[in-house]
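Visitor: Pasting data_9.csv below, which is CSV, C-alpha atoms.
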```
chain,number,residue,atom,x,y,z
A,1,MET,CA,3.4,-23.5,-12.3
A,2,GLU,CA,5.5,-22.3,-9.4
A,3,PRO,CA,3.5,-22.0,-6.2
A,4,VAL,CA,2.0,-18.6,-5.8
A,5,THR,CA,3.5,-18.2,-2.3
A,6,THR,CA,7.0,-18.0,-3.9
A,7,LEU,CA,5.9,-15.3,-6.3
A,8,ARG,CA,4.5,-12.8,-3.9
A,9,THR,CA,6.6,-11.5,-1.0
A,10,PRO,CA,4.2,-10.3,1.8
A,11,PHE,CA,4.2,-6.5,2.1
A,12,ILE,CA,3.4,-4.5,5.2
A,13,ALA,CA,3.0,-0.8,4.4
A,14,GLY,CA,2.6,2.0,7.0
A,15,ASN,CA,0.7,5.0,5.8
A,16,TRP,CA,1.5,7.8,8.3
A,17,LYS,CA,-1.1,10.2,6.7
A,18,MET,CA,-0.6,13.8,8.0
A,19,ASN,CA,1.4,12.9,11.1
A,20,LEU,CA,5.1,13.3,12.2
A,21,ASP,CA,7.4,16.1,11.1
A,22,HIS,CA,10.8,15.5,9.6
A,23,LEU,CA,12.6,15.3,12.9
A,24,GLN,CA,10.0,13.0,14.3
A,25,SER,CA,10.3,10.8,11.2
A,26,ILE,CA,14.0,10.3,11.8
A,27,ALA,CA,13.4,9.2,15.4
A,28,PHE,CA,10.6,6.9,14.3
A,29,VAL,CA,12.5,5.2,11.5
A,30,GLN,CA,15.5,4.7,13.7
A,31,LYS,CA,13.3,3.0,16.4
A,32,LEU,CA,11.4,0.9,13.9
A,33,ALA,CA,14.7,-0.3,12.3
A,34,TRP,CA,16.1,-1.1,15.7
A,35,ALA,CA,13.0,-3.0,16.7
A,36,LEU,CA,13.0,-5.1,13.6
A,37,LYS,CA,16.8,-5.7,13.8
A,38,ASP,CA,16.4,-6.8,17.4
A,39,ALA,CA,13.7,-9.3,16.3
A,40,GLN,CA,16.0,-10.5,13.5
A,41,HIS,CA,13.4,-9.5,10.9
A,42,ASP,CA,14.0,-11.0,7.5
A,43,TYR,CA,13.0,-8.3,4.9
A,44,SER,CA,13.2,-10.9,2.1
A,45,ALA,CA,10.5,-12.8,3.8
A,46,VAL,CA,8.3,-9.9,4.7
A,47,GLU,CA,8.9,-6.5,3.0
A,48,VAL,CA,8.2,-3.4,5.2
A,49,ALA,CA,7.8,0.2,4.1
A,50,VAL,CA,6.7,3.5,5.5
A,51,PHE,CA,4.9,6.3,3.7
A,52,PRO,CA,5.7,9.6,5.4
A,53,PRO,CA,4.5,13.1,4.5
A,54,PHE,CA,6.3,14.8,1.6
A,55,THR,CA,8.3,17.1,4.0
A,56,ASP,CA,9.8,14.0,5.7
A,57,LEU,CA,11.0,12.1,2.6
A,58,ARG,CA,14.4,13.7,2.2
A,59,SER,CA,15.2,13.0,5.9
A,60,VAL,CA,14.0,9.4,5.6
A,61,GLN,CA,16.0,8.9,2.4
A,62,THR,CA,19.2,10.2,4.1
A,63,LEU,CA,18.8,8.0,7.1
A,64,VAL,CA,18.0,4.9,5.1
A,65,SER,CA,21.0,5.5,2.8
A,66,ALA,CA,23.5,6.4,5.5
A,67,ASP,CA,22.5,3.5,7.8
A,68,LYS,CA,22.0,1.1,4.9
A,69,LEU,CA,18.5,0.2,6.2
A,70,GLU,CA,16.5,-2.4,4.5
A,71,LEU,CA,13.3,-0.6,5.3
A,72,GLY,CA,11.5,0.7,2.3
A,73,TYR,CA,9.6,4.0,1.9
A,74,GLY,CA,7.3,5.8,-0.4
A,75,ALA,CA,5.1,8.9,-0.8
A,76,GLN,CA,1.4,9.3,0.0
A,77,ASP,CA,0.5,10.9,-3.4
A,78,LEU,CA,1.9,12.4,-6.6
A,79,SER,CA,0.7,14.6,-9.4
A,80,GLN,CA,-0.5,13.2,-12.7
A,81,HIS,CA,1.6,15.9,-14.3
A,82,ASP,CA,5.4,15.7,-14.6
A,83,SER,CA,6.1,19.5,-14.3
A,84,GLY,CA,4.5,22.9,-15.0
A,85,ALA,CA,2.2,25.4,-13.5
A,86,TYR,CA,0.6,23.2,-10.8
A,87,THR,CA,1.1,25.0,-7.5
A,88,GLY,CA,1.4,22.6,-4.6
A,89,GLU,CA,1.7,19.5,-6.7
A,90,ILE,CA,4.5,17.0,-6.4
A,91,SER,CA,6.0,15.4,-9.5
A,92,GLY,CA,6.9,11.7,-9.8
A,93,ALA,CA,10.3,13.0,-11.0
A,94,PHE,CA,10.9,14.5,-7.6
A,95,LEU,CA,9.9,11.3,-5.8
A,96,ALA,CA,12.2,9.3,-8.1
A,97,LYS,CA,15.2,11.6,-7.1
A,98,LEU,CA,14.3,10.9,-3.5
A,99,GLU,CA,14.6,7.2,-4.3
A,100,CYS,CA,11.0,6.4,-3.3
A,101,SER,CA,10.2,2.8,-4.2
A,102,TYR,CA,6.4,3.3,-3.9
A,103,VAL,CA,3.6,5.9,-3.9
A,104,ILE,CA,0.1,5.5,-2.6
A,105,ILE,CA,-2.5,6.5,-5.3
A,106,GLY,CA,-6.2,6.9,-4.9
A,107,HIS,CA,-6.5,6.5,-1.1
A,108,SER,CA,-10.1,6.8,0.0
A,109,GLU,CA,-9.2,10.1,1.7
A,110,ARG,CA,-8.0,11.5,-1.6
A,111,ARG,CA,-11.0,10.3,-3.4
A,112,THR,CA,-13.5,11.7,-0.9
A,113,LEU,CA,-11.7,14.9,0.4
A,114,HIS,CA,-10.1,15.9,-2.9
A,115,ASP,CA,-12.7,14.5,-5.3
A,116,GLU,CA,-10.2,12.3,-7.1
A,117,THR,CA,-12.0,10.3,-9.8
A,118,ASP,CA,-11.1,6.9,-11.3
A,119,GLU,CA,-9.7,8.9,-14.3
A,120,VAL,CA,-7.4,10.9,-12.0
A,121,VAL,CA,-6.3,7.8,-10.2
A,122,ALA,CA,-5.5,6.1,-13.6
A,123,ALA,CA,-3.5,9.1,-14.7
A,124,LYS,CA,-1.5,9.2,-11.4
A,125,THR,CA,-0.8,5.5,-11.8
A,126,ALA,CA,0.6,6.1,-15.3
A,127,ALA,CA,2.7,9.0,-13.9
A,128,ALA,CA,4.2,6.8,-11.2
A,129,LEU,CA,5.1,4.1,-13.7
A,130,ARG,CA,6.7,6.7,-16.0
A,131,HIS,CA,9.1,7.5,-13.3
A,132,GLY,CA,9.9,3.9,-12.2
A,133,ILE,CA,7.9,4.1,-9.0
A,134,VAL,CA,5.6,1.3,-8.0
A,135,PRO,CA,2.0,2.6,-7.5
A,136,VAL,CA,0.0,1.3,-4.5
A,137,VAL,CA,-3.4,1.7,-6.0
A,138,CYS,CA,-6.2,1.9,-3.5
A,139,VAL,CA,-9.7,0.7,-4.2
A,140,GLY,CA,-12.6,0.3,-1.9
A,141,GLU,CA,-16.3,0.9,-1.1
A,142,THR,CA,-18.3,2.9,1.3
A,143,ALA,CA,-21.0,1.4,3.5
A,144,GLU,CA,-23.6,2.9,1.0
A,145,ASP,CA,-21.7,1.3,-1.9
A,146,LEU,CA,-21.7,-2.0,-0.1
A,147,GLU,CA,-25.5,-1.9,0.5
A,148,LYS,CA,-26.3,-0.7,-2.9
A,149,HIS,CA,-23.9,-2.8,-5.1
A,150,GLY,CA,-22.8,-5.6,-2.9
A,151,ALA,CA,-19.3,-6.8,-2.1
A,152,SER,CA,-16.5,-6.2,-4.6
A,153,ALA,CA,-18.5,-4.4,-7.3
A,154,VAL,CA,-17.1,-0.9,-6.7
A,155,PRO,CA,-13.5,-1.9,-6.0
A,156,VAL,CA,-13.5,-4.1,-9.2
A,157,ALA,CA,-14.8,-1.2,-11.3
A,158,GLN,CA,-12.2,1.2,-9.8
A,159,LEU,CA,-9.4,-1.2,-10.6
A,160,THR,CA,-10.7,-2.0,-14.1
A,161,ARG,CA,-10.4,1.7,-15.0
A,162,VAL,CA,-6.8,1.9,-13.6
A,163,LEU,CA,-5.7,-1.2,-15.5
A,164,GLU,CA,-6.4,0.5,-18.8
A,165,SER,CA,-3.2,2.6,-18.3
A,166,VAL,CA,-1.0,-0.3,-17.0
A,167,PRO,CA,1.3,-2.3,-19.3
A,168,ALA,CA,1.6,-6.1,-18.6
A,169,ASP,CA,5.3,-5.8,-17.8
A,170,ALA,CA,4.7,-3.2,-15.0
A,171,GLU,CA,4.7,-3.7,-11.3
A,172,ILE,CA,1.8,-2.4,-9.2
A,173,VAL,CA,0.4,-3.1,-5.8
A,174,VAL,CA,-3.3,-3.1,-5.2
A,175,ALA,CA,-4.7,-2.2,-1.8
A,176,TYR,CA,-8.3,-3.0,-0.9
A,177,GLU,CA,-9.6,-0.6,1.8
A,178,PRO,CA,-13.2,-0.8,2.7
A,179,VAL,CA,-14.0,2.8,3.6
A,180,TRP,CA,-16.5,1.7,6.2
A,181,ALA,CA,-13.6,0.0,8.1
A,182,ILE,CA,-10.9,2.7,8.0
A,183,GLY,CA,-10.3,4.2,11.4
A,184,SER,CA,-13.5,2.6,12.8
A,185,GLY,CA,-11.7,0.0,14.9
A,186,GLN,CA,-14.0,-2.5,13.1
A,187,ALA,CA,-12.0,-4.3,10.4
A,188,ALA,CA,-13.6,-6.4,7.7
A,189,THR,CA,-13.6,-10.1,8.5
A,190,PRO,CA,-10.8,-12.1,6.9
A,191,GLU,CA,-13.4,-13.8,4.8
A,192,GLN,CA,-14.8,-10.5,3.6
A,193,ALA,CA,-11.3,-9.3,2.7
A,194,GLU,CA,-10.5,-12.6,0.9
A,195,THR,CA,-13.7,-12.4,-1.2
A,196,VAL,CA,-12.9,-8.9,-2.5
A,197,CYS,CA,-9.2,-9.6,-3.0
A,198,ALA,CA,-10.0,-12.7,-4.9
A,199,ALA,CA,-12.3,-10.7,-7.1
A,200,LEU,CA,-9.6,-8.1,-7.7
A,201,ARG,CA,-7.1,-10.8,-8.7
A,202,ASP,CA,-9.8,-12.2,-11.1
A,203,THR,CA,-10.0,-8.7,-12.6
A,204,LEU,CA,-6.2,-8.7,-13.2
A,205,ARG,CA,-6.3,-11.9,-15.3
A,206,PRO,CA,-8.3,-10.9,-18.3
A,207,ALA,CA,-6.8,-7.4,-18.3
A,208,LEU,CA,-3.1,-8.2,-18.1
A,209,GLY,CA,-2.7,-12.0,-18.1
A,210,GLU,CA,-2.2,-14.9,-15.6
A,211,GLU,CA,1.4,-14.1,-14.9
A,212,PHE,CA,0.6,-10.5,-14.0
A,213,ALA,CA,-2.3,-11.6,-11.8
A,214,SER,CA,-0.2,-14.2,-10.0
A,215,ARG,CA,2.7,-11.9,-9.1
A,216,THR,CA,0.7,-8.8,-8.2
A,217,ARG,CA,0.4,-8.2,-4.5
A,218,ILE,CA,-3.0,-7.3,-3.1
A,219,LEU,CA,-3.1,-5.7,0.4
A,220,TYR,CA,-5.9,-5.3,2.9
A,221,GLY,CA,-6.3,-2.0,4.7
A,222,GLY,CA,-8.8,-0.9,7.4
A,223,SER,CA,-8.2,-1.1,11.1
A,224,VAL,CA,-5.3,-3.5,10.8
A,225,LYS,CA,-3.7,-4.4,14.2
A,226,ALA,CA,-1.1,-6.9,15.5
A,227,ALA,CA,-4.1,-8.8,17.0
A,228,ASN,CA,-5.8,-9.4,13.6
A,229,ILE,CA,-3.0,-9.3,10.9
A,230,ALA,CA,-2.3,-13.1,11.0
A,231,SER,CA,-6.0,-13.9,10.3
A,232,PHE,CA,-5.8,-11.8,7.2
A,233,MET,CA,-2.5,-13.2,6.1
A,234,ARG,CA,-3.9,-16.7,6.1
A,235,GLN,CA,-6.1,-15.8,3.2
A,236,ALA,CA,-4.9,-17.0,-0.2
A,237,ASN,CA,-5.3,-13.7,-2.0
A,238,VAL,CA,-4.3,-11.3,0.8
A,239,ASP,CA,-0.5,-10.5,0.4
A,240,GLY,CA,-0.1,-7.9,3.1
A,241,ALA,CA,-1.6,-4.8,4.7
A,242,LEU,CA,-1.8,-1.1,4.3
A,243,VAL,CA,-1.7,0.0,7.9
A,244,GLY,CA,-3.0,3.4,9.0
A,245,GLY,CA,-3.1,4.4,12.7
A,246,ALA,CA,-1.2,1.4,13.9
A,247,SER,CA,1.8,2.3,11.8
A,248,LEU,CA,2.4,5.3,14.1
A,249,ASP,CA,3.2,3.0,17.0
A,250,VAL,CA,6.6,1.4,16.7
A,251,ASP,CA,5.9,-1.6,18.8
A,252,GLU,CA,2.5,-2.3,17.2
A,253,PHE,CA,3.7,-1.8,13.6
A,254,SER,CA,6.8,-3.9,14.2
A,255,SER,CA,4.6,-6.6,15.6
A,256,ILE,CA,2.4,-6.5,12.6
A,257,ALA,CA,5.5,-6.8,10.4
A,258,ARG,CA,6.5,-9.9,12.4
A,259,PHE,CA,3.2,-11.7,12.0
A,260,GLN,CA,5.0,-14.8,10.9
A,261,LYS,CA,7.0,-15.0,14.1
A,262,HIS,CA,4.2,-14.7,16.7
A,263,VAL,CA,1.6,-16.8,14.9
A,264,GLY,CA,2.5,-19.8,12.8
A,265,ILE,CA,0.9,-19.7,9.4
```
Go ahead and express the file in the form of structure tokens.

Guide:
Amino acid sequence: MEPVTTLRTPFIAGNWKMNLDHLQSIAFVQKLAWALKDAQHDYSAVEVAVFPPFTDLRSVQTLVSADKLELGYGAQDLSQHDSGAYTGEISGAFLAKLECSYVIIGHSERRTLHDETDEVVAAKTAAALRHGIVPVVCVGETAEDLEKHGASAVPVAQLTRVLESVPADAEIVVAYEPVWAIGSGQAATPEQAETVCAALRDTLRPALGEEFASRTRILYGGSVKAANIASFMRQANVDGALVGGASLDVDEFSSIARFQKHVGI
């Protein structure tokens, strides 16, 4: 079999959350693109994408298209419904028209603040796939879950439910985000991340087959910084990062994207 490293391109994804208006997004994307160009970043070696608020997406699309940027982008959420009387919801059809490559689904903040269940996350994943958008499916456990169930039990259960609506020829990205680490400044250890990411990959195999499991990228998210990214990327089953706060700092985020340059791995 071909080595796994050739099957999975590392992926650095920046989740802006509810930050930056559409004018700020233009300035940010320009600066980020310039910083990566100056560093001679190879997007084929490490894919980089940003996830702005809905109101920024058209501006980002226009800039990426006009300047022929290699930077990818996606949305932070989508509706499980394609159209209809769903005030405030955003259809995957709209995101597809904006040429979004990705959409984050089931982020811990959506699960906790908006009571999104595993069933809703599965339905949103199916909606993304219907419109040709790659879902970045977030799974993770709280400190209480960790103490009660141990490492990986809750993320594995969350992923298992989602996989019921995913065909074997689809492309998804899985993001493991320990809720207890998000925004805390205290990341999981690389070994903790690897243990859970390995368990998630083991969950993919019986559900959708060895080929699907081997090519699916699994990200770590939770207090990721330039100072710790390389230690995560050394792990066999960690294929990138879902970056929160650090993705709002051009220098920090571009440094995270260039982890191969500043630390040999």

Visitor: May I have the residues within 12 Å of A:Asp249 as a PyMOL selection string, using all atoms listed in the file and disregarding those fewer than 2 positions away in the same chain?

Guide: chain A and resi 14-16+19-20+28-29+31-32+35+225-226+243-247+251-256

Visitor: Would you pick out the contacts of A:Gly140 at 10 Å or less, using only C-alpha atoms, so that residues sharing its chain but fewer than 6 positions from it are not included, and give the list as a list in words?

Guide: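 Counting only C-alpha atoms, the residues come to Gly106, His107, Ser108, Leu146, Ala151, Ser152, Ala153, Val154, Pro155, Val156, Ala157, Gln158, Leu159, Ala175, Tyr176, Glu177, Pro178, Val179, Trp180, Val196, Tyr220 and Gly221 of chain A.
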
Visitor: Enter the distance from atom CA of A:Ile105 to atom CA of A:Ala66, in Å, rounded to one decimal.

Guide: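 These atoms are spaced 28.2 Å apart.
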
Visitor: Between A:Ala168, A:Ala33, A:Ala93, A:Leu208, which one has atoms that come closest to A:Glu70, using all atoms listed in the file?

Guide: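 For A:Glu70, the nearest of the given residues is A:Ala33.
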
Visitor: Got a sec to check which residues sit within 12 Å of (15.5, 13.5, -5.7), counting all atoms listed in the file, and write them as a PyMOL selection string?

Guide: chain A and resi 54+57-59+61-62+90-100+131
